[in-house]
file start_33.pdb (PDB, C-alpha atoms, pLDDT in the B column)
MODEL        1
ATOM      1  CA  MET A   1     165.613   2.139 -42.724  1.00 31.00           C
ATOM      2  CA  THR A   2     167.803   4.623 -40.859  1.00 39.00           C
ATOM      3  CA  GLU A   3     168.853   7.988 -42.212  1.00 50.00           C
ATOM      4  CA  GLU A   4     172.359   8.086 -43.615  1.00 68.00           C
ATOM      5  CA  ARG A   5     174.635   9.980 -41.276  1.00 83.00           C
ATOM      6  CA  HIS A   6     177.155  10.880 -43.947  1.00 88.00           C
ATOM      7  CA  GLU A   7     177.618  11.210 -47.680  1.00 90.00           C
ATOM      8  CA  GLY A   8     180.294   9.607 -49.765  1.00 94.00           C
ATOM      9  CA  CYS A   9     182.963  12.178 -50.506  1.00 97.00           C
ATOM     10  CA  THR A  10     186.692  12.681 -50.879  1.00 98.00           C
ATOM     11  CA  VAL A  11     188.513  14.789 -48.317  1.00 98.00           C
ATOM     12  CA  TRP A  12     191.801  15.694 -50.007  1.00 98.00           C
ATOM     13  CA  LEU A  13     194.574  17.008 -47.734  1.00 98.00           C
ATOM     14  CA  THR A  14     197.352  18.600 -49.765  1.00 98.00           C
ATOM     15  CA  GLY A  15     200.503  20.304 -48.523  1.00 97.00           C
ATOM     16  CA  MET A  16     204.243  19.971 -48.390  1.00 96.00           C
ATOM     17  CA  SER A  17     206.118  17.121 -46.736  1.00 93.00           C
ATOM     18  CA  GLY A  18     205.871  17.326 -42.955  1.00 93.00           C
ATOM     19  CA  ALA A  19     202.965  19.786 -42.894  1.00 95.00           C
ATOM     20  CA  GLY A  20     200.737  17.421 -40.892  1.00 95.00           C
ATOM     21  CA  LYS A  21     198.504  15.827 -43.531  1.00 97.00           C
ATOM     22  CA  THR A  22     198.924  12.279 -42.250  1.00 96.00           C
ATOM     23  CA  THR A  23     198.442  13.250 -38.608  1.00 96.00           C
ATOM     24  CA  ILE A  24     195.219  15.117 -39.383  1.00 97.00           C
ATOM     25  CA  SER A  25     193.970  12.344 -41.679  1.00 98.00           C
ATOM     26  CA  CYS A  26     194.549   9.708 -38.979  1.00 97.00           C
ATOM     27  CA  LEU A  27     192.665  11.747 -36.378  1.00 97.00           C
ATOM     28  CA  LEU A  28     189.793  12.432 -38.766  1.00 97.00           C
ATOM     29  CA  GLU A  29     189.594   8.748 -39.692  1.00 97.00           C
ATOM     30  CA  ARG A  30     189.485   7.742 -36.018  1.00 96.00           C
ATOM     31  CA  TRP A  31     186.784  10.268 -35.152  1.00 94.00           C
ATOM     32  CA  LEU A  32     184.642   9.291 -38.127  1.00 95.00           C
ATOM     33  CA  CYS A  33     185.036   5.559 -37.416  1.00 94.00           C
ATOM     34  CA  GLU A  34     184.051   6.122 -33.794  1.00 92.00           C
ATOM     35  CA  HIS A  35     180.838   7.682 -35.104  1.00 91.00           C
ATOM     36  CA  GLY A  36     180.144   4.658 -37.300  1.00 90.00           C
ATOM     37  CA  ALA A  37     181.106   6.224 -40.633  1.00 93.00           C
ATOM     38  CA  ARG A  38     182.264   4.209 -43.592  1.00 95.00           C
ATOM     39  CA  VAL A  39     185.737   5.654 -44.130  1.00 97.00           C
ATOM     40  CA  GLU A  40     189.013   4.744 -45.814  1.00 97.00           C
ATOM     41  CA  ARG A  41     192.272   6.644 -45.489  1.00 97.00           C
ATOM     42  CA  LEU A  42     194.598   6.756 -48.485  1.00 96.00           C
ATOM     43  CA  ASP A  43     198.078   7.944 -47.553  1.00 92.00           C
ATOM     44  CA  GLY A  44     200.289   9.159 -50.384  1.00 88.00           C
ATOM     45  CA  GLY A  45     203.387   7.402 -49.074  1.00 82.00           C
ATOM     46  CA  GLU A  46     201.624   4.068 -48.637  1.00 86.00           C
ATOM     47  CA  ILE A  47     199.910   4.285 -52.024  1.00 83.00           C
ATOM     48  CA  ARG A  48     203.216   5.043 -53.730  1.00 81.00           C
ATOM     49  CA  LYS A  49     204.635   1.791 -52.301  1.00 81.00           C
ATOM     50  CA  GLN A  50     201.606  -0.332 -53.206  1.00 78.00           C
ATOM     51  CA  LEU A  51     199.720   1.114 -56.166  1.00 76.00           C
ATOM     52  CA  SER A  52     202.358   3.267 -57.816  1.00 75.00           C
ATOM     53  CA  LYS A  53     205.517   1.158 -57.649  1.00 75.00           C
ATOM     54  CA  GLY A  54     207.836   2.024 -60.472  1.00 76.00           C
ATOM     55  CA  LEU A  55     206.760   5.648 -60.774  1.00 81.00           C
ATOM     56  CA  GLY A  56     209.472   8.236 -60.317  1.00 77.00           C
ATOM     57  CA  PHE A  57     209.232  11.868 -59.303  1.00 79.00           C
ATOM     58  CA  SER A  58     208.955  13.616 -62.654  1.00 82.00           C
ATOM     59  CA  ARG A  59     205.921  15.832 -63.065  1.00 86.00           C
ATOM     60  CA  GLU A  60     204.281  13.190 -65.283  1.00 90.00           C
ATOM     61  CA  ASP A  61     204.886  10.417 -62.737  1.00 87.00           C
ATOM     62  CA  ARG A  62     203.672  12.551 -59.849  1.00 90.00           C
ATOM     63  CA  ASP A  63     200.511  13.405 -61.779  1.00 91.00           C
ATOM     64  CA  GLU A  64     199.951   9.721 -62.601  1.00 91.00           C
ATOM     65  CA  ASN A  65     200.377   8.801 -58.924  1.00 91.00           C
ATOM     66  CA  ILE A  66     197.819  11.411 -57.892  1.00 94.00           C
ATOM     67  CA  ARG A  67     195.406  10.303 -60.631  1.00 94.00           C
ATOM     68  CA  ARG A  68     195.625   6.725 -59.329  1.00 93.00           C
ATOM     69  CA  ILE A  69     194.910   7.846 -55.782  1.00 95.00           C
ATOM     70  CA  GLY A  70     192.051  10.002 -57.091  1.00 96.00           C
ATOM     71  CA  TYR A  71     190.580   7.105 -59.051  1.00 96.00           C
ATOM     72  CA  VAL A  72     190.444   4.924 -55.924  1.00 96.00           C
ATOM     73  CA  ALA A  73     189.067   7.804 -53.840  1.00 97.00           C
ATOM     74  CA  GLY A  74     186.383   8.438 -56.454  1.00 97.00           C
ATOM     75  CA  LEU A  75     185.319   4.776 -56.456  1.00 96.00           C
ATOM     76  CA  LEU A  76     185.044   4.820 -52.678  1.00 97.00           C
ATOM     77  CA  SER A  77     183.155   8.129 -52.632  1.00 97.00           C
ATOM     78  CA  ARG A  78     180.531   7.106 -55.151  1.00 95.00           C
ATOM     79  CA  ASN A  79     179.888   3.996 -53.045  1.00 95.00           C
ATOM     80  CA  GLY A  80     179.087   6.010 -49.917  1.00 95.00           C
ATOM     81  CA  VAL A  81     182.509   5.953 -48.295  1.00 97.00           C
ATOM     82  CA  ILE A  82     184.354   8.978 -46.971  1.00 97.00           C
ATOM     83  CA  ALA A  83     187.770   8.724 -48.633  1.00 98.00           C
ATOM     84  CA  ILE A  84     190.418  10.705 -46.776  1.00 98.00           C
ATOM     85  CA  VAL A  85     193.494  11.362 -48.904  1.00 98.00           C
ATOM     86  CA  ALA A  86     196.746  12.680 -47.458  1.00 97.00           C
ATOM     87  CA  ALA A  87     199.110  13.337 -50.354  1.00 96.00           C
ATOM     88  CA  ILE A  88     201.480  16.158 -51.241  1.00 95.00           C
ATOM     89  CA  SER A  89     199.821  16.417 -54.698  1.00 95.00           C
ATOM     90  CA  PRO A  90     201.919  19.413 -55.699  1.00 95.00           C
ATOM     91  CA  TYR A  91     200.213  20.449 -58.950  1.00 95.00           C
ATOM     92  CA  GLN A  92     197.009  22.469 -59.133  1.00 96.00           C
ATOM     93  CA  ALA A  93     195.914  21.158 -62.554  1.00 96.00           C
ATOM     94  CA  VAL A  94     195.687  17.497 -61.525  1.00 96.00           C
ATOM     95  CA  ARG A  95     193.879  18.380 -58.273  1.00 97.00           C
ATOM     96  CA  GLU A  96     191.319  20.352 -60.320  1.00 97.00           C
ATOM     97  CA  GLU A  97     191.007  17.414 -62.713  1.00 96.00           C
ATOM     98  CA  LEU A  98     190.160  15.171 -59.744  1.00 97.00           C
ATOM     99  CA  ARG A  99     187.708  17.697 -58.311  1.00 96.00           C
ATOM    100  CA  LEU A 100     185.762  17.585 -61.584  1.00 96.00           C
ATOM    101  CA  ALA A 101     185.944  13.798 -61.867  1.00 96.00           C
ATOM    102  CA  ILE A 102     184.982  13.007 -58.264  1.00 96.00           C
ATOM    103  CA  GLY A 103     182.361  15.669 -57.615  1.00 91.00           C
ATOM    104  CA  ALA A 104     182.092  15.518 -53.819  1.00 95.00           C
ATOM    105  CA  PHE A 105     185.665  16.747 -53.374  1.00 97.00           C
ATOM    106  CA  VAL A 106     186.714  18.738 -50.311  1.00 98.00           C
ATOM    107  CA  GLU A 107     190.188  20.208 -50.712  1.00 98.00           C
ATOM    108  CA  ILE A 108     192.050  21.009 -47.500  1.00 98.00           C
ATOM    109  CA  HIS A 109     195.332  22.901 -47.809  1.00 98.00           C
ATOM    110  CA  VAL A 110     197.568  21.992 -44.881  1.00 98.00           C
ATOM    111  CA  ASP A 111     199.944  24.931 -45.005  1.00 97.00           C
ATOM    112  CA  CYS A 112     203.105  25.443 -42.995  1.00 96.00           C
ATOM    113  CA  PRO A 113     206.016  27.857 -43.517  1.00 96.00           C
ATOM    114  CA  LEU A 114     209.126  26.277 -45.007  1.00 94.00           C
ATOM    115  CA  SER A 115     211.226  27.395 -42.026  1.00 94.00           C
ATOM    116  CA  VAL A 116     208.934  25.435 -39.668  1.00 95.00           C
ATOM    117  CA  LEU A 117     208.944  22.378 -41.949  1.00 95.00           C
ATOM    118  CA  ILE A 118     212.751  22.426 -41.938  1.00 94.00           C
ATOM    119  CA  ALA A 119     212.868  22.851 -38.147  1.00 93.00           C
ATOM    120  CA  ARG A 120     210.457  19.974 -37.464  1.00 90.00           C
ATOM    121  CA  ASP A 121     211.962  17.629 -40.094  1.00 89.00           C
ATOM    122  CA  ALA A 122     212.778  14.503 -38.059  1.00 83.00           C
ATOM    123  CA  LYS A 123     213.864  12.477 -41.104  1.00 86.00           C
ATOM    124  CA  GLY A 124     216.284  15.119 -42.370  1.00 91.00           C
ATOM    125  CA  LEU A 125     214.669  15.193 -45.819  1.00 91.00           C
ATOM    126  CA  TYR A 126     214.711  18.977 -46.148  1.00 93.00           C
ATOM    127  CA  ARG A 127     218.376  19.111 -45.105  1.00 92.00           C
ATOM    128  CA  LYS A 128     219.200  16.492 -47.746  1.00 92.00           C
ATOM    129  CA  ALA A 129     217.131  18.291 -50.381  1.00 92.00           C
ATOM    130  CA  LEU A 130     218.770  21.636 -49.606  1.00 92.00           C
ATOM    131  CA  SER A 131     222.223  20.066 -49.906  1.00 91.00           C
ATOM    132  CA  GLY A 132     221.297  18.464 -53.242  1.00 90.00           C
ATOM    133  CA  GLU A 133     221.243  14.873 -51.951  1.00 92.00           C
ATOM    134  CA  ILE A 134     217.558  14.499 -52.894  1.00 90.00           C
ATOM    135  CA  ALA A 135     216.494  15.610 -56.349  1.00 86.00           C
ATOM    136  CA  HIS A 136     212.936  16.640 -57.235  1.00 86.00           C
ATOM    137  CA  PHE A 137     211.967  17.488 -53.651  1.00 91.00           C
ATOM    138  CA  THR A 138     208.696  19.390 -53.481  1.00 91.00           C
ATOM    139  CA  GLY A 139     209.122  22.929 -52.248  1.00 87.00           C
ATOM    140  CA  ILE A 140     212.904  22.900 -52.688  1.00 90.00           C
ATOM    141  CA  SER A 141     213.917  21.744 -56.167  1.00 88.00           C
ATOM    142  CA  ASP A 142     210.372  21.097 -57.460  1.00 90.00           C
ATOM    143  CA  PRO A 143     207.382  23.417 -57.135  1.00 93.00           C
ATOM    144  CA  TYR A 144     204.404  23.140 -54.820  1.00 95.00           C
ATOM    145  CA  GLU A 145     201.357  24.937 -56.208  1.00 96.00           C
ATOM    146  CA  PRO A 146     199.021  25.865 -53.341  1.00 96.00           C
ATOM    147  CA  PRO A 147     195.302  25.373 -54.017  1.00 96.00           C
ATOM    148  CA  LEU A 148     193.557  28.386 -55.528  1.00 95.00           C
ATOM    149  CA  THR A 149     190.147  27.810 -53.920  1.00 95.00           C
ATOM    150  CA  PRO A 150     190.344  25.144 -51.213  1.00 98.00           C
ATOM    151  CA  GLU A 151     187.372  24.589 -48.962  1.00 98.00           C
ATOM    152  CA  LEU A 152     189.663  25.070 -45.976  1.00 98.00           C
ATOM    153  CA  VAL A 153     193.206  26.280 -45.252  1.00 98.00           C
ATOM    154  CA  ILE A 154     194.930  25.011 -42.130  1.00 97.00           C
ATOM    155  CA  ASP A 155     198.151  26.556 -40.823  1.00 97.00           C
ATOM    156  CA  SER A 156     199.680  23.635 -38.958  1.00 96.00           C
ATOM    157  CA  SER A 157     202.328  25.915 -37.445  1.00 96.00           C
ATOM    158  CA  THR A 158     199.724  27.799 -35.403  1.00 97.00           C
ATOM    159  CA  GLU A 159     197.225  25.118 -34.311  1.00 96.00           C
ATOM    160  CA  THR A 160     197.326  21.630 -32.846  1.00 96.00           C
ATOM    161  CA  PRO A 161     196.391  18.576 -34.907  1.00 96.00           C
ATOM    162  CA  GLU A 162     193.198  18.297 -32.832  1.00 96.00           C
ATOM    163  CA  GLU A 163     192.254  21.918 -33.602  1.00 96.00           C
ATOM    164  CA  SER A 164     192.958  21.364 -37.293  1.00 97.00           C
ATOM    165  CA  THR A 165     190.933  18.149 -37.367  1.00 96.00           C
ATOM    166  CA  THR A 166     188.051  19.874 -35.583  1.00 95.00           C
ATOM    167  CA  ARG A 167     188.074  22.538 -38.307  1.00 96.00           C
ATOM    168  CA  VAL A 168     187.933  19.819 -41.005  1.00 97.00           C
ATOM    169  CA  TRP A 169     185.085  18.101 -39.116  1.00 95.00           C
ATOM    170  CA  ASN A 170     183.154  21.375 -38.897  1.00 94.00           C
ATOM    171  CA  LYS A 171     183.696  22.060 -42.607  1.00 96.00           C
ATOM    172  CA  LEU A 172     182.296  18.619 -43.477  1.00 96.00           C
ATOM    173  CA  ARG A 173     179.247  19.338 -41.274  1.00 94.00           C
ATOM    174  CA  ASP A 174     178.802  22.798 -42.827  1.00 95.00           C
ATOM    175  CA  LEU A 175     178.867  21.219 -46.292  1.00 95.00           C
ATOM    176  CA  GLY A 176     176.226  18.660 -45.223  1.00 93.00           C
ATOM    177  CA  LEU A 177     178.553  15.716 -45.788  1.00 94.00           C
ATOM    178  CA  ILE A 178     178.384  14.456 -42.194  1.00 92.00           C
ATOM    179  CA  ARG A 179     175.430  14.630 -39.825  1.00 89.00           C
ATOM    180  CA  PHE A 180     176.658  13.388 -36.458  1.00 77.00           C
ATOM    181  CA  ASP A 181     175.132  14.606 -33.212  1.00 67.00           C
ATOM    182  CA  CYS A 182     178.213  14.912 -31.049  1.00 61.00           C
ATOM    183  CA  SER A 183     181.369  16.897 -31.490  1.00 60.00           C
ATOM    184  CA  PRO A 184     184.690  15.228 -32.305  1.00 57.00           C
ATOM    185  CA  LEU A 185     186.140  17.010 -29.251  1.00 55.00           C
ATOM    186  CA  GLU A 186     184.047  14.697 -27.058  1.00 60.00           C
ATOM    187  CA  LEU A 187     186.064  11.789 -28.421  1.00 55.00           C
ATOM    188  CA  GLY A 188     189.195  12.929 -26.606  1.00 52.00           C
TER     189      GLY A 188
ENDMDL
END

call {"tool": "encode", "arguments": {"input": "start_33.pdb", "output": "structure tokens"}}
result
Amino acid sequence: MTEERHEGCTVWLTGMSGAGKTTISCLLERWLCEHGARVERLDGGEIRKQLSKGLGFSREDRDENIRRIGYVAGLLSRNGVIAIVAAISPYQAVREELRLAIGAFVEIHVDCPLSVLIARDAKGLYRKALSGEIAHFTGISDPYEPPLTPELVIDSSTETPEESTTRVWNKLRDLGLIRFDCSPLELG
């Protein structure tokens, strides 16, 4: 029997729209898969289309969406899978609820100044939200509550996605959740 090279856990990337959560989660998934890890990536946008159809953007619906994602991530984690979640998840209380329920929960705050998010907004969502065309837009007309005690804070305006992902990788190693011999930077 070989030694397990990773533990089941949930890596939860939270941050505002366009901060880089999906990009980092995709890189982390690729690196972990290339090392033979059991990993599943749960993207907030994809989950909303599949698992949370019919939910709106009220606080209650957003919390329910995040609880559903957390439930799936928890199931994966307790079965030895690294669940990587990339979801805005704007409210602190529901993230803390999931931390308690899941246990092996690594919260990563992907932070980015609003001015940079607006400047890099290829879809024009921030422009529409600022003009009132989109209601309940996180960070504009709805709040985003940054994590109080995340395991890691990334400022995606000052580092590349590869640098950010390397920092997540190193945090997972420091926490004893992954035990791979080579660095993710060797993956190129």

call {"tool": "closest_residue", "arguments": {"input": "start_33.pdb", "among": "A:Glu133, A:Glu96, A:Asp43, A:Glu151", "to": "Thr23 of chain A", "atoms": "all atoms listed in the file"}}
result
A:Asp43

call {"tool": "atom_distance", "arguments": {"input": "start_33.pdb", "atom1": "atom CA of Thr165 of chain A", "atom2": "atom CA of Val81 of chain A"}}
result
18.4 Å

call {"tool": "atom_distance", "arguments": {"input": "start_33.pdb", "atom1": "atom CA of Asp111 of chain A", "atom2": "atom CA of Ala19 of chain A"}}
result
6.3 Å

call {"tool": "atom_distance", "arguments": {"input": "start_33.pdb", "atom1": "atom CA of Thr149 of chain A", "atom2": "atom CA of His109 of chain A"}}
result
9.4 Å

call {"tool": "resolve_selection", "arguments": {"input": "start_33.pdb", "expression": "the PyMOL selection byres ((chain A and resi 121-125) around 12)", "output": "PyMOL selection string"}}
result
chain A and resi 16-20+114-120+126-140

call {"tool": "closest_residue", "arguments": {"input": "start_33.pdb", "among": "A:Glu97, A:Glu107, A:Glu40, A:Glu34", "to": "Pro147 of chain A", "atoms": "all atoms listed in the file"}}
result
A:Glu107

call {"tool": "residues_near_point", "arguments": {"input": "start_33.pdb", "point": "(179.6, 17.2, -41.6)", "cutoff": "12 Å", "atoms": "all atoms listed in the file", "output": "MDAnalysis selection string"}}
result
chainID A and resid 4:9 11 28 31:32 35 37 82 106 166:184

call {"tool": "residues_around", "arguments": {"input": "start_33.pdb", "residues": "Leu13 of chain A", "least_positions_apart": "5", "cutoff": "8 Å", "atoms": "only C-alpha atoms", "output": "list in words"}}
result
Lys21, Ser25, Ile84, Val85, Ala86, Ala87, Ile88, Glu107, Ile108, His109 and Val110 of chain A

call {"tool": "residues_around", "arguments": {"input": "start_33.pdb", "residues": "Ser89 of chain A", "least_positions_apart": "4", "cutoff": "9 Å", "atoms": "only C-alpha atoms", "output": "list in words"}}
result
Leu13, Thr14, Gly15, Met16, Gly44, Arg62, Asp63, Asn65, Ile66, Val94, Arg95, Tyr144 and Glu145 of chain A

call {"tool": "closest_atom_pairs", "arguments": {"input": "start_33.pdb", "of": "segment 84-171 of chain A", "to": "segment 74-80 of chain A", "cutoff": "8 Å", "atoms": "all atoms listed in the file", "output": "CSV"}}
result
residue,atom,partner,partner_atom,distance
A:Ala101,CA,A:Gly74,CA,7.6
A:Ile102,CA,A:Gly74,CA,5.1
A:Ala104,CA,A:Ser77,CA,7.6

call {"tool": "closest_residue", "arguments": {"input": "start_33.pdb", "among": "A:Pro150, A:Leu98, A:Arg41, A:Thr10", "to": "Leu27 of chain A", "atoms": "all atoms listed in the file"}}
result
A:Arg41

call {"tool": "closest_residue", "arguments": {"input": "start_33.pdb", "among": "A:Ala83, A:Ile24, A:Ile69, A:Leu152", "to": "Ser52 of chain A", "atoms": "all atoms listed in the file"}}
result
A:Ile69
